[in-house]
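**Student:** My questions all concern the structure below.
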4 protein chains.
Amino acid sequence: MLSIRKDSGIRNTAILLIYCKDKQGILAAVTEFLNENRGNIIYLDQHVDHEEGIFYMRVEWELDKFAIPREKISDYFETLIARKFSITFFLHFSDKKPRIAVFVSKMSHCLFDILSRYAAGEWDTEIPVIISNHDTLRPVATSFGIDFHLVEKNASNKHEQEELEMEILQKYDIDFVVLARYMQVLSDRFVASYPNRIINIHHSFLPAFAGAKPYHAAHERGVKIIGATSHYVTADLDAGPIIAQDVVRISHIDTVESLIRKGRDLEKIVLSEAVYKHLQRKILVYNNRTVVFN
Amino acid sequence: MLSIRKDSGIRNTAILLIYCKDKQGILAAVTEFLNENRGNIIYLDQHVDHEEGIFYMRVEWELDKFAIPREKISDYFETLIARKFSITFFLHFSDKKPRIAVFVSKMSHCLFDILSRYAAGEWDTEIPVIISNHDTLRPVATSFGIDFHLVEKNASNKHEQEELEMEILQKYDIDFVVLARYMQVLSDRFVASYPNRIINIHHSFLPAFAGAKPYHAAHERGVKIIGATSHYVTADLDAGPIIAQDVVRISHIDTVESLIRKGRDLEKIVLSEAVYKHLQRKILVYNNRTVVFN
Amino acid sequence: MLSIRKDSGIRNTAILLIYCKDKQGILAAVTEFLNENRGNIIYLDQHVDHEEGIFYMRVEWELDKFAIPREKISDYFETLIARKFSITFFLHFSDKKPRIAVFVSKMSHCLFDILSRYAAGEWDTEIPVIISNHDTLRPVATSFGIDFHLVEKNASNKHEQEELEMEILQKYDIDFVVLARYMQVLSDRFVASYPNRIINIHHSFLPAFAGAKPYHAAHERGVKIIGATSHYVTADLDAGPIIAQDVVRISHIDTVESLIRKGRDLEKIVLSEAVYKHLQRKILVYNNRTVVFN
Amino acid sequence: MLSIRKDSGIRNTAILLIYCKDKQGILAAVTEFLNENRGNIIYLDQHVDHEEGIFYMRVEWELDKFAIPREKISDYFETLIARKFSITFFLHFSDKKPRIAVFVSKMSHCLFDILSRYAAGEWDTEIPVIISNHDTLRPVATSFGIDFHLVEKNASNKHEQEELEMEILQKYDIDFVVLARYMQVLSDRFVASYPNRIINIHHSFLPAFAGAKPYHAAHERGVKIIGATSHYVTADLDAGPIIAQDVVRISHIDTVESLIRKGRDLEKIVLSEAVYKHLQRKILVYNNRTVVFN
């Protein structure tokens, strides 16, 4: 594998993502739980959605002196805190690297951006496999030293080919999937297997120009700004929870071709930003919306 | 009238806005026409839309030594140049100040922004009258010394009230209309009377969240960016040619109220930018899209 | 006074701004203090600067059922919490409206923006007085129904004129001062009297183009972006803690005049944003830098 | 070489970049010269700097039916047009691909971005060689199939090592040089050999934070926006003509490390944008400022 990364030193921390109905005392209870057990908090952010009455929190603490063994943290937190406040929580450990599969078609810009960051060690992740419905980008996978699987799809074989893809994901022990301008719609069954664990990039500032050919539509409508949107994939096409968006100004001078060119830069940055936030365990999803902690 | 403007000195120039099918020699022909007649060009910008095959141009020149008297320029240009190239053109003189009527409802931020610029002499225009379906903003009109007409509308009197509004526009010799968060839909008949001469501000980055309550819709959808769009009004609601757009980043922390607060700043700046470009005679409309010269 | 504000209903809350050396348990201690005394928290945000080892916090809670009378909150918090953690704190009550004096010279755009928001009731504040070294903007003050004091300054009378200004501020019971493109440098003595209570707008993205004529300097340097910066005024000119900044793209087409025109919109929005954050008690200053809570 | 590019079809056009003292008739003269000789203009943009009195122009036309043979265009234009108006001009042909050498040190993000675009065929260029003062990025060069030369420098060998670099540039027939976060200052002699043909990326919004460690300086100053600047290299460090700039908002939450992380995305996009504009022959330099055509 192509790697120019420096050894960054692995942090030994736990990360807790929480949401529940807002009640008095949750924040104090959680911080007390960590303080009492000598968990040195190095990150804490919380948010109360007063309209919906939901409390959200992300807290990260050092495990070195933490009194509760890591394999028992989930149990203890469930018993001592979560039940009392009816908390939904997700516990992660920073030394466990998530494993990504990247799905691509023919366009290379998002894939290159992802692999460049990976090779440089910007992300704490493993990317063992790339899956594509075209052979076009196999040389990119090869040059970065990553396995490449061609899984061609047509109208009649979609179901069995998705079976094959899911087997590959199993085999490589994949945690989450990045659709890097992958030009196939995944079935509901596939999507349901990776809830909030498939990130897609759409080449417009959704909800404007959902569907195919957004740059053509943007040009036709004469907008003065184009954008890109990264989101978790749900059964409802282009309607999943939005993670990140960015835009760039355009003018009457721009052609569809120049929109496509300018859009590529947006797409790759916005997709990589979403992947980074996901890897940092900084995203909570509730009610088809995201809380993205800083 | 409240005025703190300095006397800016009136330019004595003519402005020509042109579009036609693109052919070889148009640019040379127009510039030759001005050069030969001693019209000193102080601004020239042109654009060719190669997809549609349309040539657009804005040229401004000094009239002081121009050989053709101002009242005959249109005739001469029509005869000598426009016919040959089947040019559609609009001729303006910079010493003729357009007269604006501002339509408002209850929200003041766009009106204040417009009147502040007017009072400061930022714009070469006259704003003799404000029309509203509510009495709320009468004190603002009064404090800036501008006539205010209350024209209340309901389901049954809309037609006759629009008649009244059009009479007011006639009486004040109005050239174009600015809808500064005016919360009534104008009839097709009204709109047709002021083609590309009514500017509206919509509080979303169109085409996303067309229609009512875009901030509520943006919050519901969980977007990470909100925007505002100024456009010419056409019979098709929220679908007219876009003049200017701007956006601001938001996050999960924002409530509908904070979106409304942040949106106000976008709305007033984006509307005033469109009015400025219109007053500068820098906008051409073709095929429901704008060319906005720099 | 010109006012089109709706009665917004006054909140009965207390706001605590805190900073101190970061130690385990501060957050839990503060939230416990409020919870135990039935203070319903409606806003909490905290930040730990791990480089400097400083803990920052803003918390707002409802006073209706709070067990400690408002006049004793400061004492109790000092005794029970602040001493233990060596906390520096600022206590505010949301029903106490800060009183602003606006200083101006000849340019009106920032003043209009401030007064427009004030008249519309966007801000919980009182603006009883405008002070200027020129008479130019007196009509604006008059039209908004606000007292206007002309305090002319020259090289020889600066000291006594500042005395006069400080008397005016005393007389009007002013809490903080907004320099809305005021073209005079305040003395160290004046500045020291209002620490972190004077907000200025500088017409560049500081630290670029500090000093006079930043748009000329930006044009000369050929930058592709211009900006504006709002900051607290300190003895060191243009070097105080930055509150807000914004920028706009420019190009070779822009003249100094068009930079000035585009910059005005930046200046007024960036200044008003800083005033809003200050009024919301969302700014803490430490080490010449600001923490601006969301 | 890693290549996934499609054959894009080579245009057969000529590009003329012009500047001179502004006089009446230049635009007409140039367009007439092309029209008369059956040069179909596919791009024309011009700009008059009225302050300096300079006329700038970029025109591109098809050579297929052009009456003047390509090897004689320069002579003819010089004789028939340029002398008359004292025009400085640069003539390029679109089928001649510029050859780039990329200089790097240890950071990979800009290099990856450049090579990704090159491999994807986004740019009409050849990149035959990478030069570095460290061996760190050799694997990147290798994986993209590009020659890599290590030219180490220290205080005592700088002169001779630059000799070596210039020999390499000669050998590879290099047209222009891209400094992709190259951490060595080039000598005046080197810079003078490639006037307006060396592009650098500086990791701040110049002129703020010129020199070393701009992210540390930005953090220290407490700015709310960071940026990146691409510019032509001149003898005066960080003071060359600016080509492109971009910025991103930051807050008190950001550490120096997160500034560096966010800045990487700015740097690579802003550098690649400058290279693209240079390759498109859309940049003119005059008086240490750029005209960057659309």
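Chain labels A, B, ... are given in the sequence in which chains occur in the structure tokens; within each chain residues are numbered consecutively from 1, and ligands are likewise numbered from 1 in the order shown.
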Counting only C-alpha atoms, which residues of chain C fall within 9 Å of chain B, and what is the closest atom pair for each with its distance in Å at one decimal, ordered by chain and rising number, as CSV?
**Tutor:**
residue,atom,partner,partner_atom,distance
C:Leu2,CA,B:Pro139,CA,7.0
C:Ser3,CA,B:Pro139,CA,7.8
C:Ile4,CA,B:Thr136,CA,7.0
C:Met107,CA,B:Ala120,CA,8.4
C:Ser108,CA,B:Ala120,CA,6.8
C:His109,CA,B:Ser116,CA,7.0
C:Phe112,CA,B:Ser116,CA,6.1
C:Asp113,CA,B:Asp113,CA,7.3
C:Ser116,CA,B:Phe112,CA,6.1
C:Arg117,CA,B:His109,CA,7.5
C:Ala120,CA,B:Ser108,CA,6.8
C:Glu122,CA,B:Arg261,CA,8.5
C:Thr136,CA,B:Ile4,CA,7.0
C:Leu137,CA,B:Ile4,CA,7.0
C:Pro139,CA,B:Leu2,CA,7.0
C:Val140,CA,B:Leu2,CA,7.4
C:Thr142,CA,B:Ser143,CA,8.8
C:Ser143,CA,B:Ser143,CA,5.1
C:Phe144,CA,B:Ser143,CA,6.9
C:Ile253,CA,B:Asn294,CA,7.7
C:Asp254,CA,B:Asn294,CA,8.9
C:Arg261,CA,B:Glu122,CA,8.5
C:Asp265,CA,B:Ile269,CA,7.3
C:Ile269,CA,B:Asp265,CA,7.3
C:Asn294,CA,B:Ile253,CA,7.7
**Student:** Just list the residues in segment 14-246 of chain D DSSP gives strand (DSSP E) on the backbone, as a ChimeraX atom specification.
**Tutor:** /D:14-21,41-49,54-62,88-93,99-104,126-132,147-150,176-179,198-202,225-232,242-246
**Student:** Would you put the residues from that selection into a file with C-alpha atoms, as a PDB file, in the first residue's frame?
**Tutor:**
ATOM      1  CA  ALA D  14      -4.187  30.371 -31.063  1.00  0.00           C
ATOM      2  CA  ILE D  15      -4.305  32.524 -27.937  1.00  0.00           C
ATOM      3  CA  LEU D  16      -3.159  36.113 -27.808  1.00  0.00           C
ATOM      4  CA  LEU D  17      -2.545  37.930 -24.521  1.00  0.00           C
ATOM      5  CA  ILE D  18      -2.087  41.661 -24.863  1.00  0.00           C
ATOM      6  CA  TYR D  19      -1.461  44.770 -22.823  1.00  0.00           C
ATOM      7  CA  CYS D  20      -0.671  48.335 -23.765  1.00  0.00           C
ATOM      8  CA  LYS D  21      -1.539  51.933 -22.981  1.00  0.00           C
ATOM      9  CA  ILE D  41     -13.035  34.024 -32.410  1.00  0.00           C
ATOM     10  CA  ILE D  42     -14.167  31.561 -29.733  1.00  0.00           C
ATOM     11  CA  TYR D  43     -13.118  33.609 -26.703  1.00  0.00           C
ATOM     12  CA  LEU D  44     -12.629  37.305 -26.189  1.00  0.00           C
ATOM     13  CA  ASP D  45     -12.273  39.200 -22.965  1.00  0.00           C
ATOM     14  CA  GLN D  46     -10.774  42.610 -22.398  1.00  0.00           C
ATOM     15  CA  HIS D  47     -10.307  44.913 -19.481  1.00  0.00           C
ATOM     16  CA  VAL D  48      -9.382  48.552 -19.215  1.00  0.00           C
ATOM     17  CA  ASP D  49      -7.723  49.737 -16.038  1.00  0.00           C
ATOM     18  CA  ILE D  54      -3.836  50.161 -19.431  1.00  0.00           C
ATOM     19  CA  PHE D  55      -5.735  47.966 -21.873  1.00  0.00           C
ATOM     20  CA  TYR D  56      -5.646  44.171 -21.337  1.00  0.00           C
ATOM     21  CA  MET D  57      -7.043  41.546 -23.685  1.00  0.00           C
ATOM     22  CA  ARG D  58      -7.203  37.814 -24.221  1.00  0.00           C
ATOM     23  CA  VAL D  59      -8.497  36.476 -27.500  1.00  0.00           C
ATOM     24  CA  GLU D  60      -8.572  32.905 -28.774  1.00  0.00           C
ATOM     25  CA  TRP D  61      -9.442  31.898 -32.327  1.00  0.00           C
ATOM     26  CA  GLU D  62      -9.585  28.821 -34.521  1.00  0.00           C
ATOM     27  CA  THR D  88       3.170  43.919 -25.524  1.00  0.00           C
ATOM     28  CA  PHE D  89       1.823  40.521 -26.524  1.00  0.00           C
ATOM     29  CA  PHE D  90       2.206  36.810 -25.845  1.00  0.00           C
ATOM     30  CA  LEU D  91       1.142  34.266 -28.460  1.00  0.00           C
ATOM     31  CA  HIS D  92       0.353  30.670 -27.499  1.00  0.00           C
ATOM     32  CA  PHE D  93      -0.964  27.661 -29.377  1.00  0.00           C
ATOM     33  CA  ARG D  99       5.736  21.095 -19.309  1.00  0.00           C
ATOM     34  CA  ILE D 100       5.695  21.421 -15.528  1.00  0.00           C
ATOM     35  CA  ALA D 101       8.256  20.565 -12.862  1.00  0.00           C
ATOM     36  CA  VAL D 102       6.822  20.243  -9.369  1.00  0.00           C
ATOM     37  CA  PHE D 103       9.012  21.111  -6.375  1.00  0.00           C
ATOM     38  CA  VAL D 104       8.041  19.544  -3.037  1.00  0.00           C
ATOM     39  CA  GLU D 126       2.972  17.270 -19.153  1.00  0.00           C
ATOM     40  CA  ILE D 127       4.529  16.716 -15.726  1.00  0.00           C
ATOM     41  CA  PRO D 128       7.725  14.775 -16.415  1.00  0.00           C
ATOM     42  CA  VAL D 129       9.618  15.465 -13.186  1.00  0.00           C
ATOM     43  CA  ILE D 130       9.347  16.115  -9.466  1.00  0.00           C
ATOM     44  CA  ILE D 131      12.237  17.714  -7.560  1.00  0.00           C
ATOM     45  CA  SER D 132      12.541  17.616  -3.771  1.00  0.00           C
ATOM     46  CA  ASP D 147      10.676  10.844 -12.390  1.00  0.00           C
ATOM     47  CA  PHE D 148      11.838  12.017  -8.982  1.00  0.00           C
ATOM     48  CA  HIS D 149      15.073  13.888  -8.268  1.00  0.00           C
ATOM     49  CA  LEU D 150      16.390  14.394  -4.762  1.00  0.00           C
ATOM     50  CA  PHE D 176       7.099  26.426 -15.698  1.00  0.00           C
ATOM     51  CA  VAL D 177       7.622  25.457 -12.100  1.00  0.00           C
ATOM     52  CA  VAL D 178       5.087  24.753  -9.366  1.00  0.00           C
ATOM     53  CA  LEU D 179       6.209  25.027  -5.750  1.00  0.00           C
ATOM     54  CA  ILE D 198       7.053  29.935 -10.988  1.00  0.00           C
ATOM     55  CA  ILE D 199       3.855  29.549  -8.969  1.00  0.00           C
ATOM     56  CA  ASN D 200       3.953  29.219  -5.192  1.00  0.00           C
ATOM     57  CA  ILE D 201       1.299  28.555  -2.565  1.00  0.00           C
ATOM     58  CA  HIS D 202       1.460  30.501   0.681  1.00  0.00           C
ATOM     59  CA  ILE D 225     -10.827  33.455   9.040  1.00  0.00           C
ATOM     60  CA  ILE D 226      -7.761  31.746   7.597  1.00  0.00           C
ATOM     61  CA  GLY D 227      -6.726  31.597   3.969  1.00  0.00           C
ATOM     62  CA  ALA D 228      -4.304  30.552   1.289  1.00  0.00           C
ATOM     63  CA  THR D 229      -2.705  32.517  -1.545  1.00  0.00           C
ATOM     64  CA  SER D 230      -1.189  31.371  -4.831  1.00  0.00           C
ATOM     65  CA  HIS D 231       1.170  33.804  -6.512  1.00  0.00           C
ATOM     66  CA  TYR D 232       3.982  34.135  -8.987  1.00  0.00           C
ATOM     67  CA  ILE D 242      -1.386  37.198  -6.412  1.00  0.00           C
ATOM     68  CA  ILE D 243      -3.279  34.789  -8.684  1.00  0.00           C
ATOM     69  CA  ALA D 244      -5.900  33.244  -6.422  1.00  0.00           C
ATOM     70  CA  GLN D 245      -6.980  33.313  -2.782  1.00  0.00           C
ATOM     71  CA  ASP D 246      -9.537  31.502  -0.725  1.00  0.00           C
TER      72      ASP D 246
END
**Student:** For segment 152-156 of chain C, work out the shell of residues within 9 Å, counting only C-alpha atoms and skipping chain neighbours fewer than 6 positions away, then give it as JSON, numbers by chain.
**Tutor:** {"C": [132, 133, 134, 135, 162, 184]}
**Student:** Tell me, in Å to one decimal, how far atom CA of Arg70 of chain A is from atom CA of Asn40 of chain A.
**Tutor:**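 Taking atom CA of Arg70 of chain A and atom CA of Asn40 of chain A, their separation equals 14.4 Å.
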**Student:** DSSP says helix (DSSP H, G or I) for which residues of segment 2-240 of chain D? Put them as a PyMOL selection string?
**Tutor:** chain D and resi 26-36+70-85+109-119+138-144+158-171+188-193+214-221
**Student:** Give me, please, the distance in Å between atom CA of Lys96 of chain D and atom CA of Tyr276 of chain D, quoted to one decimal.
**Tutor:**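 Atom-to-atom, atom CA of Lys96 of chain D and atom CA of Tyr276 of chain D are spaced 15.0 Å apart.
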